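**Student:** First the structure, then my questions, so here it is.
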Amino acid sequence: MNTVDRASAPGADGSVGDAPATRTMTYLQAITDALRVEMRRDERVFVLGEDVGAFGGAFKATEGLFDEFGADRVQDTPIAEAAIIGTSVGAALAGLRPVCEVQFADFVATGFDQLVNVAGKMHWRTGLAVPMVLRLPSGGGFAGGPFHSQNPEAWFMHAPGLKVVAPSSPADAKGMLAAAIRDHNPVCFLEHKHLYRRIKGEVPLGEHVEPFVARTVRSGEELTIVAYGAMLHLAVEAAGRFEDGRVEVLDLRSLVPLDEEAILASVRRTGKVLIVDEANETCAAGAQVAALVADRAFSDLDGPVRRLAAPDVPIPFSPGLEAAVLPTADRITEAARELLAY
Amino acid sequence: MNTVDRASAPGADGSVGDAPATRTMTYLQAITDALRVEMRRDERVFVLGEDVGAFGGAFKATEGLFDEFGADRVQDTPIAEAAIIGTSVGAALAGLRPVCEVQFADFVATGFDQLVNVAGKMHWRTGLAVPMVLRLPSGGGFAGGPFHSQNPEAWFMHAPGLKVVAPSSPADAKGMLAAAIRDHNPVCFLEHKHLYRRIKGEVPLGEHVEPFVARTVRSGEELTIVAYGAMLHLAVEAAGRFEDGRVEVLDLRSLVPLDEEAILASVRRTGKVLIVDEANETCAAGAQVAALVADRAFSDLDGPVRRLAAPDVPIPFSPGLEAAVLPTADRITEAARELLAY
Amino acid sequence: MLVEDPHPPTPDRAPGAPPGRPSDDVAGPPAEDVSPPVLTLADREALLELMVGMRTFEERGVALYKQGRTPGSFYDGHGQEAIPVGATFAMGPDDVLCSPLIRDMGAHLVRGTDLTEIIRHHLGRDNALSRGREGNVHFGDPRRGVVPMVSMLPDMFVVAVGMAMAFRLRGERRVALTFFGDGATSPGAWHEAMNFAGLRREPVVIVCENNGLAYSTPSSAQFVVSPADRAPAYGMPGVVVDGNDVEAVFAAVHAARERALAGDGPTLVEARTMRMHGHGSHDDARYVDPALLEVWRQRDPIATYEATLREAGIDVDAVRTRVLERLDLAVEAALASPLPDPARATDGLFATEEPVPLGRGDAPWSGFAAEASIGGSGR
Amino acid sequence: MLVEDPHPPTPDRAPGAPPGRPSDDVAGPPAEDVSPPVLTLADREALLELMVGMRTFEERGVALYKQGRTPGSFYDGHGQEAIPVGATFAMGPDDVLCSPLIRDMGAHLVRGTDLTEIIRHHLGRDNALSRGREGNVHFGDPRRGVVPMVSMLPDMFVVAVGMAMAFRLRGERRVALTFFGDGATSPGAWHEAMNFAGLRREPVVIVCENNGLAYSTPSSAQFVVSPADRAPAYGMPGVVVDGNDVEAVFAAVHAARERALAGDGPTLVEARTMRMHGHGSHDDARYVDPALLEVWRQRDPIATYEATLREAGIDVDAVRTRVLERLDLAVEAALASPLPDPARATDGLFATEEPVPLGRGDAPWSGFAAEASIGGSGR
Ligand SMILES: Cc1ncc(C[n+]2csc(CCOP(=O)(O)OP(=O)(O)O)c2C)c(N)n1
Ligand SMILES: Cc1ncc(C[n+]2csc(CCOP(=O)(O)OP(=O)(O)O)c2C)c(N)n1
Ligand SMILES: [Mg+2]
Ligand SMILES: [Mg+2]
């Protein structure tokens, strides 16, 4: 079971028959573990980015890797996101499996073109695979301000050819990063900075791979809350404030591919949906989920398709302002209550 | 009245009391006219971009301006979209009103960071206004292939602080470009390449400013088709295939700000909506409109919120493939028919 | 029409050059016949006071951060004070700073930005600089011609080139001063800005603070050729200066400004120094050899300048006392300030009124006193 | 740990340099002791045939475009044939091209890509190179080690540096060859690629085709210092070569490849030439002085080489005849080809299988015949 300081955490799907050995890890440790395991397993895998070498990265996600794998496989780069991404595309075309770290997800905008135009379009255009991972420490909640708090996933969702995933638990962080590394496509891996050290959970040791599908974290009959990343924890917290069995919580985990069937199945059953996004509201992932539901689950809907997201402003620095902008468990609870009463 | 080779065009709202003199212009001529009129009117306005000088731009949108205004106000730049946008931010901060041309909208990805992080966030963060326009020749339909056919507007919609507009008619192209130039904010002006020379219409001479609101182009009681840019013409064509008074067509014209009241008012009245997008489907402008309707017009909906958009692949080059991917009047008609019958 | 041979030999002037500009000396050193600027004793005392002000402020800032009173992060420029102070001291009131970065607190002090507001900003209190929307080094004071930075390196350099272009187009006698670190020369934006500035001879003064480090990464892993040696590749001179010598920085930047005002275009001034603290207050910088730090500590810009000025008869202790008194008052006032109103977090996304021009900053150098006002606009 | 002085004098080798590399001569000229490559008479005939092949193909392409049979646009490299042909001729079978651009049709011919497929591609017919998804110059032949370009300039240069990095990391004896124009040196991506290549000494061979124009914009409005003169700013040599002399291009690129294979890193070869046609077939290039074009027409790379080879006893008319026959057959076959199936327009967005390595290209230079195979992987 994961633990989280102020919310009950999503359950790992726990009940595996021949359960592998597990260890309690933070979300961040789980990421490092995935990198280590995959680098040991496949010598084509290497990591690159600013300060990821001996220093271990701004968040210490690559700590220890330089010592184990050396400078060729744990490469410090100049400050140059376009080159980090673009040379990774080249290395991938040449048969390697680069895992880039963008120091903060916000900086991906400076390498955006290589990502959307070169990496994303390559396979459809040419048949050439670009197996690479872009690790994007994203999200707010710690007074990072407008340039260290962004959630850019919707930009990638609107760029065909990129996979986009956003784990919420340590076990998923490990398993989905491993899956991203083994995937033959460019994968944007959104790891939430605010979860790094705040949540812990049981994580399988050794090889552990999670598929890019949604997961029902909590079952309910009257309302579906759809969330991912850090918001998942708030959704679970809010759902826990209602009687058991009323509110279902679906952790999307993957945004591209989007697990449309899981979303539709849940909403068709509950008839109501609340979609929570940490990103700015307009054209966010939640808008796509809402559009999907409003089209394909329309006849089963018993209430409006509600969304909660950050309003369309940059994320403020001052904690009081930031809290006013980011969705909270209270606001989720309030919206859920309204929907349940609809 | 606009004319278009294969579609009946949207009506200009025509019936002005003291109608100014007008002239028939193509969409492209209307853009040039707006630039000329605004540059004469306000000496702070200048244009910059690749080949916009004596050559008049890749599409000839700036033709004649170099001769009239000289090299300082019609600046050829090196190939460097980040610098084009970034120096424009600087010039705007210093009191000028730059109008940048990105040679093809597709290339905006290389200047994306300056746009979303510098220009877009400036006013909210600092109170400093950044009055600038980014002209983005966008869209497909002429075998431009994956890198000369993109519709990037949803990326900008998901970047707070940018206004985003996309005119469909010559009169709007002129009036909204003038409004964009006079706006105190960064405005992404999506001008559709496929409309440049294909549509003509009456355009007011001299000063002409159109507000950033939606317009009902055709009235109807049973279904609302929401579209903008080149898709508007296809929507009008499709609507014309049904009896008068059944299908309403709303030209969004502005995406940020989004004229939510106009959308909701129409859909509440008709009870059904079809949203057409030329952009890739996931997280497109249409997703936002769908999400809006599904939330705030839910109780008035008599059918699913339908969307038509390009599937999530790059835009193919070969005309047969391109036609298979972009929405067509036939596919719009088909979707409208289904909805009407729902 | 393309008539010239398409391959002009370096560094001949391009035909696209702005009219009325001399075509010689594009890539040469700054003109030699500019008389060196004179610093009066009062100027020198002011330079010291500004450097001490920066250091004292930042030391207090570290303390407030470690006490948990400052949200987010804190960055300082300990050991680099001579650069922002010396460079900004060479700026006239109508010049703009676009933008002071992570190690440049002193630049704000030179321009006269209110200390209490700065501290309020850091603390996330309501304040006139950022209304709590921004934190740490992300502030400026547009009323004083200082444009706030963004994080993305070196985006504000590009913006500075655009501001300089506006000044050139309008024929104004003012320059844009920009700052960035050694690491910030690696992103593509740097190249585009350098190229635009050199090609169009924009009146921009470019200060590269080479402290040998970009976070944990040494310069040697950023580039093979140092920034000043790269400047000629853009048709502009590159000048290396001792970044720990405030008067040397002042002189080099002053010359660069004169050159820009004369229409000869930009100069890159590479000020060499050492980052004496971690990248931010969260970073213990254990990746830096203590012995190397010790070498640089001997060259501390404040201690050495204090010794010089003491010899010149200035009461440096009084300077320190004054600075500390001001700081104590400012911190007290800031700590007593209210937080911003959460209800207003989302207002003002778009500008709705005619933009207010940037204002004029303090320009304390005595050399400006004699000069006529050069037509800036108030705010 | 940072122990070295943070400001190593240029161009000392950075401590981050890949191990086992010599540290001298970083920014110097290519080593002098490499014996110049020998071109046999058969090689020279092949070079001519490839240039003629490119020109003949492109002339036909213009015609097909003007007849409305080619959708979209058409671009050609008339007058620049010596550059893609000469440069690619210096490549071994396992080297990769990443990527031939707008004026580089000849590069594809050297690698042996099927002419009929190329024409099918241009015509938007179903084809093995792009399945109709791409048009005009956007094609490559991964089976022959040729990566297709993207439009955004010069993104594929960045990608080439990454491919070269992979070769270096795996200790393979192969290089990546990249092409771009003078105008493509302005985007920030160019700087990032140059910096990564120079800093890490990647085995990449960089060919800049300086034809004096970027669309309508002369080089003089792009930069003040020419590309080759900028290369040393990245710790690599820049070499200027007559881009209308195919053997000179071959020799310069051959030397650059040797240098890269020796572990000495990249070389920028600036081939000076002139764009003799419009930017694309839609552009009449009236902005170019006809007199200037006339000067360059006298230096036509094919006419001058033909004269030389005719003197050397080669039957150049037979070469033309062969080329034309092949072209006629290919055009005929292409025009008879079916269009792609619209039902399949959206398939294959994602790769679902283990990637197939790039294949080996033709390497027609006789000098390679003697060399042992160097371990490439088939496709
Ligand atoms: C485009 C971009 N990528 C990454 C970062 C993260 N970052 C912030 S400061 C820094 C190091 C900057 O080094 P330098 O420019 O030398 O300045 P210094 O900190 O030494 O003053 C990095 C990598 C950034 N700000 N911008
Ligand atoms: C990033 C980017 N911006 C704009 C363009 C549009 N564009 C296509 S080719 C071209 C000119 C290229 O000039 P150059 O690199 O000298 O190549 P040449 O055409 O002379 O061979 C331009 C501006 C582009 N392809 N990429
Ligand atoms: Mg530094
Ligand atoms: Mg060129």
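We name chains A, B, ... following the order of the structure tokens; residues begin at 1 in each chain, and ligands are numbered from 1 as shown.
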Neighbours of range 211-226 of chain A within 8 Å (only C-alpha atoms; same-chain residues fewer than 2 positions away dropped), as an MDAnalysis selection string?
**Tutor:** chainID A and resid 10:11 165 175:176 179 209 228 232 235:236 244:254 257:259 262:263 266:267 269:276 336 339:340
**Student:** Name each residue within 6 Å of ligand 3, counting only C-alpha atoms and all ligand atoms, as number ranges by chain.
**Tutor:** C: 181-183, 210-214
**Student:** Please produce an output containing N, CA, C and O atoms for each residue in the selection, written as a CSV table (one decimal), in the first residue's frame.
**Tutor:**
```
chain,number,residue,atom,x,y,z
C,181,GLY,N,24.9,33.6,-17.8
C,181,GLY,CA,26.0,32.8,-17.3
C,181,GLY,C,26.7,32.1,-18.4
C,181,GLY,O,26.2,32.0,-19.6
C,182,ASP,N,27.8,31.5,-18.1
C,182,ASP,CA,28.5,30.6,-19.1
C,182,ASP,C,27.6,29.5,-19.6
C,182,ASP,O,27.6,29.3,-20.8
C,183,GLY,N,26.9,28.9,-18.8
C,183,GLY,CA,26.0,27.8,-19.2
C,183,GLY,C,25.0,28.2,-20.2
C,183,GLY,O,24.5,27.5,-21.0
C,210,ASN,N,31.0,34.4,-16.5
C,210,ASN,CA,31.6,33.1,-16.5
C,210,ASN,C,32.1,32.7,-15.2
C,210,ASN,O,33.2,33.1,-14.8
C,211,ASN,N,31.3,32.0,-14.4
C,211,ASN,CA,31.7,31.5,-13.1
C,211,ASN,C,32.2,30.0,-13.2
C,211,ASN,O,32.3,29.4,-12.1
C,212,GLY,N,32.4,29.5,-14.4
C,212,GLY,CA,33.0,28.2,-14.5
C,212,GLY,C,32.0,27.1,-14.3
C,212,GLY,O,32.4,25.9,-14.4
C,213,LEU,N,30.8,27.4,-13.9
C,213,LEU,CA,29.8,26.3,-13.5
C,213,LEU,C,28.4,26.6,-14.0
C,213,LEU,O,28.0,27.8,-14.0
C,214,ALA,N,27.8,25.6,-14.5
C,214,ALA,CA,26.3,25.7,-14.7
C,214,ALA,C,25.7,24.6,-13.8
C,214,ALA,O,25.9,23.4,-14.1
```
**Student:** Tell me as an mmCIF file with N, CA, C and O atoms, in the first residue's frame which residues belonging to chain B come within 10 Å of chain C, counting only C-alpha atoms.
**Tutor:**
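Listing of out.cif after writing:
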```
data_model
loop_
_atom_site.group_PDB
_atom_site.id
_atom_site.type_symbol
_atom_site.label_atom_id
_atom_site.label_comp_id
_atom_site.auth_asym_id
_atom_site.auth_seq_id
_atom_site.Cartn_x
_atom_site.Cartn_y
_atom_site.Cartn_z
ATOM 1 N N ARG B 44 4.139 52.811 -34.980
ATOM 2 C CA ARG B 44 4.793 51.805 -34.125
ATOM 3 C C ARG B 44 4.694 50.401 -34.728
ATOM 4 O O ARG B 44 5.400 49.490 -34.313
ATOM 5 N N ALA B 54 11.553 42.948 -49.645
ATOM 6 C CA ALA B 54 11.331 43.232 -51.067
ATOM 7 C C ALA B 54 10.615 42.071 -51.752
ATOM 8 O O ALA B 54 9.830 42.267 -52.687
ATOM 9 N N PHE B 55 10.865 40.874 -51.288
ATOM 10 C CA PHE B 55 10.253 39.691 -51.903
ATOM 11 C C PHE B 55 8.754 39.611 -51.613
ATOM 12 O O PHE B 55 7.990 39.006 -52.367
ATOM 13 N N ALA B 71 12.949 49.425 -45.185
ATOM 14 C CA ALA B 71 13.562 48.251 -44.566
ATOM 15 C C ALA B 71 13.409 48.213 -43.047
ATOM 16 O O ALA B 71 13.455 47.145 -42.442
ATOM 17 N N ASP B 72 13.250 49.372 -42.417
ATOM 18 C CA ASP B 72 13.116 49.365 -40.960
ATOM 19 C C ASP B 72 11.758 48.833 -40.519
ATOM 20 O O ASP B 72 11.638 48.221 -39.458
ATOM 21 N N ARG B 73 10.758 49.070 -41.343
ATOM 22 C CA ARG B 73 9.417 48.647 -40.931
ATOM 23 C C ARG B 73 8.962 47.376 -41.636
ATOM 24 O O ARG B 73 7.859 46.864 -41.358
ATOM 25 N N GLN B 75 11.040 44.136 -42.169
ATOM 26 C CA GLN B 75 12.363 43.603 -41.916
ATOM 27 C C GLN B 75 12.503 42.137 -42.324
ATOM 28 O O GLN B 75 11.827 41.265 -41.785
ATOM 29 N N ASP B 76 13.436 41.903 -43.231
ATOM 30 C CA ASP B 76 13.845 40.523 -43.487
ATOM 31 C C ASP B 76 14.687 40.038 -42.321
ATOM 32 O O ASP B 76 15.591 40.730 -41.867
ATOM 33 N N THR B 77 14.411 38.844 -41.866
ATOM 34 C CA THR B 77 15.199 38.299 -40.760
ATOM 35 C C THR B 77 15.944 37.057 -41.206
ATOM 36 O O THR B 77 15.575 36.421 -42.191
ATOM 37 N N PRO B 78 16.981 36.693 -40.491
ATOM 38 C CA PRO B 78 17.552 35.359 -40.667
ATOM 39 C C PRO B 78 16.509 34.286 -40.319
ATOM 40 O O PRO B 78 15.451 34.590 -39.752
ATOM 41 N N ILE B 79 16.797 33.059 -40.669
ATOM 42 C CA ILE B 79 15.918 31.936 -40.339
ATOM 43 C C ILE B 79 16.104 31.623 -38.857
ATOM 44 O O ILE B 79 17.061 30.961 -38.467
ATOM 45 N N ALA B 80 15.225 32.129 -38.038
ATOM 46 C CA ALA B 80 15.427 32.004 -36.597
ATOM 47 C C ALA B 80 14.137 32.399 -35.906
ATOM 48 O O ALA B 80 13.965 33.535 -35.480
ATOM 49 N N GLU B 81 13.229 31.460 -35.812
ATOM 50 C CA GLU B 81 11.906 31.772 -35.286
ATOM 51 C C GLU B 81 11.944 32.221 -33.829
ATOM 52 O O GLU B 81 11.154 33.089 -33.422
ATOM 53 N N ALA B 82 12.829 31.646 -33.029
ATOM 54 C CA ALA B 82 12.899 32.072 -31.629
ATOM 55 C C ALA B 82 13.314 33.529 -31.554
ATOM 56 O O ALA B 82 12.786 34.298 -30.741
ATOM 57 N N ALA B 83 14.239 33.927 -32.398
ATOM 58 C CA ALA B 83 14.682 35.324 -32.394
ATOM 59 C C ALA B 83 13.617 36.231 -32.993
ATOM 60 O O ALA B 83 13.435 37.362 -32.538
ATOM 61 N N ILE B 84 12.915 35.767 -33.993
ATOM 62 C CA ILE B 84 11.840 36.582 -34.557
ATOM 63 C C ILE B 84 10.813 36.885 -33.470
ATOM 64 O O ILE B 84 10.408 38.030 -33.260
ATOM 65 N N ILE B 85 10.424 35.856 -32.754
ATOM 66 C CA ILE B 85 9.425 36.048 -31.706
ATOM 67 C C ILE B 85 10.015 36.790 -30.513
ATOM 68 O O ILE B 85 9.420 37.741 -30.004
ATOM 69 N N GLY B 86 11.196 36.376 -30.105
ATOM 70 C CA GLY B 86 11.801 36.977 -28.915
ATOM 71 C C GLY B 86 12.166 38.446 -29.098
ATOM 72 O O GLY B 86 11.948 39.268 -28.200
ATOM 73 N N THR B 87 12.715 38.797 -30.265
ATOM 74 C CA THR B 87 13.024 40.212 -30.468
ATOM 75 C C THR B 87 11.733 41.010 -30.601
ATOM 76 O O THR B 87 11.687 42.179 -30.244
ATOM 77 N N SER B 88 10.686 40.377 -31.083
ATOM 78 C CA SER B 88 9.397 41.063 -31.140
ATOM 79 C C SER B 88 8.868 41.346 -29.734
ATOM 80 O O SER B 88 8.307 42.416 -29.486
ATOM 81 N N VAL B 89 9.039 40.403 -28.847
ATOM 82 C CA VAL B 89 8.649 40.661 -27.456
ATOM 83 C C VAL B 89 9.401 41.886 -26.944
ATOM 84 O O VAL B 89 8.817 42.800 -26.348
ATOM 85 N N GLY B 90 10.699 41.919 -27.221
ATOM 86 C CA GLY B 90 11.502 43.057 -26.778
ATOM 87 C C GLY B 90 11.034 44.360 -27.387
ATOM 88 O O GLY B 90 10.880 45.376 -26.693
ATOM 89 N N ALA B 91 10.801 44.335 -28.690
ATOM 90 C CA ALA B 91 10.346 45.556 -29.360
ATOM 91 C C ALA B 91 8.998 46.000 -28.800
ATOM 92 O O ALA B 91 8.739 47.190 -28.626
ATOM 93 N N ALA B 92 8.141 45.038 -28.509
ATOM 94 C CA ALA B 92 6.829 45.360 -27.941
ATOM 95 C C ALA B 92 6.983 45.976 -26.552
ATOM 96 O O ALA B 92 6.322 46.957 -26.220
ATOM 97 N N LEU B 93 7.870 45.399 -25.751
ATOM 98 C CA LEU B 93 8.106 45.958 -24.415
ATOM 99 C C LEU B 93 8.631 47.381 -24.520
ATOM 100 O O LEU B 93 8.392 48.218 -23.650
ATOM 101 N N ALA B 94 9.360 47.644 -25.591
ATOM 102 C CA ALA B 94 9.930 48.980 -25.780
ATOM 103 C C ALA B 94 8.959 49.912 -26.486
ATOM 104 O O ALA B 94 9.325 51.023 -26.856
ATOM 105 N N GLY B 95 7.735 49.467 -26.712
ATOM 106 C CA GLY B 95 6.724 50.384 -27.207
ATOM 107 C C GLY B 95 6.348 50.251 -28.670
ATOM 108 O O GLY B 95 5.513 51.004 -29.161
ATOM 109 N N LEU B 96 6.947 49.310 -29.384
ATOM 110 C CA LEU B 96 6.572 49.100 -30.787
ATOM 111 C C LEU B 96 5.463 48.045 -30.860
ATOM 112 O O LEU B 96 5.046 47.492 -29.843
ATOM 113 N N ARG B 97 4.994 47.810 -32.087
ATOM 114 C CA ARG B 97 3.918 46.837 -32.295
ATOM 115 C C ARG B 97 4.304 45.907 -33.442
ATOM 116 O O ARG B 97 3.871 46.068 -34.581
ATOM 117 N N THR B 110 9.689 25.875 -33.531
ATOM 118 C CA THR B 110 11.086 26.231 -33.226
ATOM 119 C C THR B 110 11.177 27.533 -32.423
ATOM 120 O O THR B 110 12.245 27.861 -31.924
ATOM 121 N N GLY B 111 10.084 28.263 -32.334
ATOM 122 C CA GLY B 111 10.091 29.465 -31.503
ATOM 123 C C GLY B 111 9.083 29.366 -30.375
ATOM 124 O O GLY B 111 8.709 30.366 -29.766
ATOM 125 N N ASP B 113 9.021 28.259 -27.329
ATOM 126 C CA ASP B 113 9.345 28.671 -25.966
ATOM 127 C C ASP B 113 9.187 30.177 -25.783
ATOM 128 O O ASP B 113 8.598 30.636 -24.800
ATOM 129 N N GLN B 114 9.719 30.960 -26.712
ATOM 130 C CA GLN B 114 9.571 32.412 -26.598
ATOM 131 C C GLN B 114 8.093 32.797 -26.581
ATOM 132 O O GLN B 114 7.680 33.728 -25.897
ATOM 133 N N ASN B 117 6.380 30.902 -23.092
ATOM 134 C CA ASN B 117 6.951 31.230 -21.789
ATOM 135 C C ASN B 117 7.289 32.704 -21.619
ATOM 136 O O ASN B 117 7.204 33.221 -20.508
ATOM 137 N N VAL B 118 7.688 33.350 -22.700
ATOM 138 C CA VAL B 118 8.059 34.767 -22.565
ATOM 139 C C VAL B 118 6.855 35.648 -22.901
ATOM 140 O O VAL B 118 6.369 36.391 -22.054
ATOM 141 N N ALA B 119 6.379 35.548 -24.137
ATOM 142 C CA ALA B 119 5.284 36.434 -24.549
ATOM 143 C C ALA B 119 4.008 36.171 -23.744
ATOM 144 O O ALA B 119 3.392 37.090 -23.206
ATOM 145 N N GLY B 120 3.614 34.906 -23.661
ATOM 146 C CA GLY B 120 2.319 34.574 -23.082
ATOM 147 C C GLY B 120 2.201 34.903 -21.606
ATOM 148 O O GLY B 120 1.158 35.350 -21.141
ATOM 149 N N LYS B 121 3.261 34.683 -20.856
ATOM 150 C CA LYS B 121 3.156 34.830 -19.403
ATOM 151 C C LYS B 121 3.503 36.235 -18.918
ATOM 152 O O LYS B 121 3.347 36.537 -17.735
ATOM 153 N N MET B 122 3.996 37.077 -19.799
ATOM 154 C CA MET B 122 4.569 38.358 -19.356
ATOM 155 C C MET B 122 3.568 39.222 -18.592
ATOM 156 O O MET B 122 3.873 39.701 -17.497
ATOM 157 N N HIS B 123 2.401 39.447 -19.135
ATOM 158 C CA HIS B 123 1.515 40.419 -18.493
ATOM 159 C C HIS B 123 1.012 39.950 -17.144
ATOM 160 O O HIS B 123 1.035 40.714 -16.163
ATOM 161 N N TRP B 124 0.617 38.723 -17.065
ATOM 162 C CA TRP B 124 0.116 38.225 -15.774
ATOM 163 C C TRP B 124 1.215 38.279 -14.717
ATOM 164 O O TRP B 124 0.968 38.629 -13.567
ATOM 165 N N ARG B 125 2.434 37.949 -15.131
ATOM 166 C CA ARG B 125 3.546 37.906 -14.172
ATOM 167 C C ARG B 125 4.008 39.290 -13.754
ATOM 168 O O ARG B 125 4.353 39.517 -12.593
ATOM 169 N N THR B 126 4.084 40.202 -14.711
ATOM 170 C CA THR B 126 4.836 41.434 -14.471
ATOM 171 C C THR B 126 4.012 42.692 -14.697
ATOM 172 O O THR B 126 4.490 43.781 -14.396
ATOM 173 N N GLY B 127 2.841 42.545 -15.274
ATOM 174 C CA GLY B 127 2.062 43.729 -15.603
ATOM 175 C C GLY B 127 2.519 44.417 -16.879
ATOM 176 O O GLY B 127 1.933 45.412 -17.290
ATOM 177 N N LEU B 128 3.572 43.897 -17.505
ATOM 178 C CA LEU B 128 4.049 44.500 -18.747
ATOM 179 C C LEU B 128 3.268 43.939 -19.929
ATOM 180 O O LEU B 128 3.147 42.711 -20.085
ATOM 181 N N ALA B 129 2.780 44.813 -20.781
ATOM 182 C CA ALA B 129 2.035 44.364 -21.954
ATOM 183 C C ALA B 129 2.995 44.003 -23.084
ATOM 184 O O ALA B 129 4.066 44.587 -23.225
ATOM 185 N N VAL B 130 2.599 43.021 -23.856
ATOM 186 C CA VAL B 130 3.384 42.589 -25.022
ATOM 187 C C VAL B 130 2.476 42.627 -26.247
ATOM 188 O O VAL B 130 1.965 41.601 -26.702
ATOM 189 N N PRO B 131 2.287 43.824 -26.809
ATOM 190 C CA PRO B 131 1.401 43.917 -27.976
ATOM 191 C C PRO B 131 2.127 43.458 -29.234
ATOM 192 O O PRO B 131 2.918 44.202 -29.810
ATOM 193 N N PRO B 160 -1.540 29.868 -21.425
ATOM 194 C CA PRO B 160 -2.254 31.058 -20.964
ATOM 195 C C PRO B 160 -1.540 32.355 -21.345
ATOM 196 O O PRO B 160 -0.315 32.437 -21.283
ATOM 197 N N GLY B 161 -2.342 33.331 -21.736
ATOM 198 C CA GLY B 161 -1.793 34.651 -22.032
ATOM 199 C C GLY B 161 -1.708 34.968 -23.510
ATOM 200 O O GLY B 161 -1.397 36.095 -23.878
ATOM 201 N N LEU B 162 -1.955 33.967 -24.337
ATOM 202 C CA LEU B 162 -1.968 34.206 -25.780
ATOM 203 C C LEU B 162 -3.418 34.311 -26.243
ATOM 204 O O LEU B 162 -4.249 33.486 -25.875
ATOM 205 N N LYS B 163 -3.697 35.295 -27.074
ATOM 206 C CA LYS B 163 -4.970 35.281 -27.772
ATOM 207 C C LYS B 163 -4.783 34.498 -29.066
ATOM 208 O O LYS B 163 -3.676 34.439 -29.619
ATOM 209 N N ARG B 182 -4.034 46.054 -32.901
ATOM 210 C CA ARG B 182 -4.386 47.068 -31.897
ATOM 211 C C ARG B 182 -4.513 46.483 -30.491
ATOM 212 O O ARG B 182 -4.574 47.213 -29.508
ATOM 213 N N ASP B 183 -4.580 45.175 -30.412
ATOM 214 C CA ASP B 183 -4.693 44.519 -29.104
ATOM 215 C C ASP B 183 -3.385 44.741 -28.330
ATOM 216 O O ASP B 183 -2.323 44.888 -28.910
ATOM 217 N N HIS B 184 -3.488 44.769 -27.004
ATOM 218 C CA HIS B 184 -2.299 44.994 -26.189
ATOM 219 C C HIS B 184 -1.628 43.690 -25.776
ATOM 220 O O HIS B 184 -0.796 43.678 -24.870
ATOM 221 N N ASN B 185 -2.012 42.616 -26.409
ATOM 222 C CA ASN B 185 -1.512 41.302 -26.004
ATOM 223 C C ASN B 185 -0.928 40.555 -27.194
ATOM 224 O O ASN B 185 -1.209 40.903 -28.339
ATOM 225 N N PRO B 186 -0.151 39.508 -26.921
ATOM 226 C CA PRO B 186 0.321 38.682 -28.032
ATOM 227 C C PRO B 186 -0.861 37.921 -28.645
ATOM 228 O O PRO B 186 -1.605 37.256 -27.925
#
```
**Student:** Pull out every residue of chain A that has at least one atom within 8 Å of chain B, counting only C-alpha atoms, and report them as a ChimeraX atom specification.
**Tutor:** /A:109-113,116-117,121,124-125,147,154-155,157-161,280-285,287-288,290-291,294-299,303-307,312-314
**Student:** Which residues are near Glu49 in chain D? Cut-off 12 Å, only C-alpha atoms, ignore same chain within fewer than 6 positions. Put them as a PyMOL selection string.
**Tutor:** chain D and resi 42-43+55-57+81-82+85-86+106+109-110+246+302+305-306+309+314-324+326+364
**Student:** Find the residues near range 191-200 of chain A: any atom within 7 Å, counting only C-alpha atoms, skip ones fewer than 5 places away on the same chain, and give them as a PyMOL selection string.
**Tutor:** chain A and resi 2-5+24-28+135-142+166-167+170+229-230
**Student:** Using only C-alpha atoms and all ligand atoms, which of the listed residues (A:Ala324, A:Met132, A:Ala58, A:Met39) sits closest to ligand 1?
**Tutor:**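 Closest to ligand 1 of all the choices is A:Ala58.
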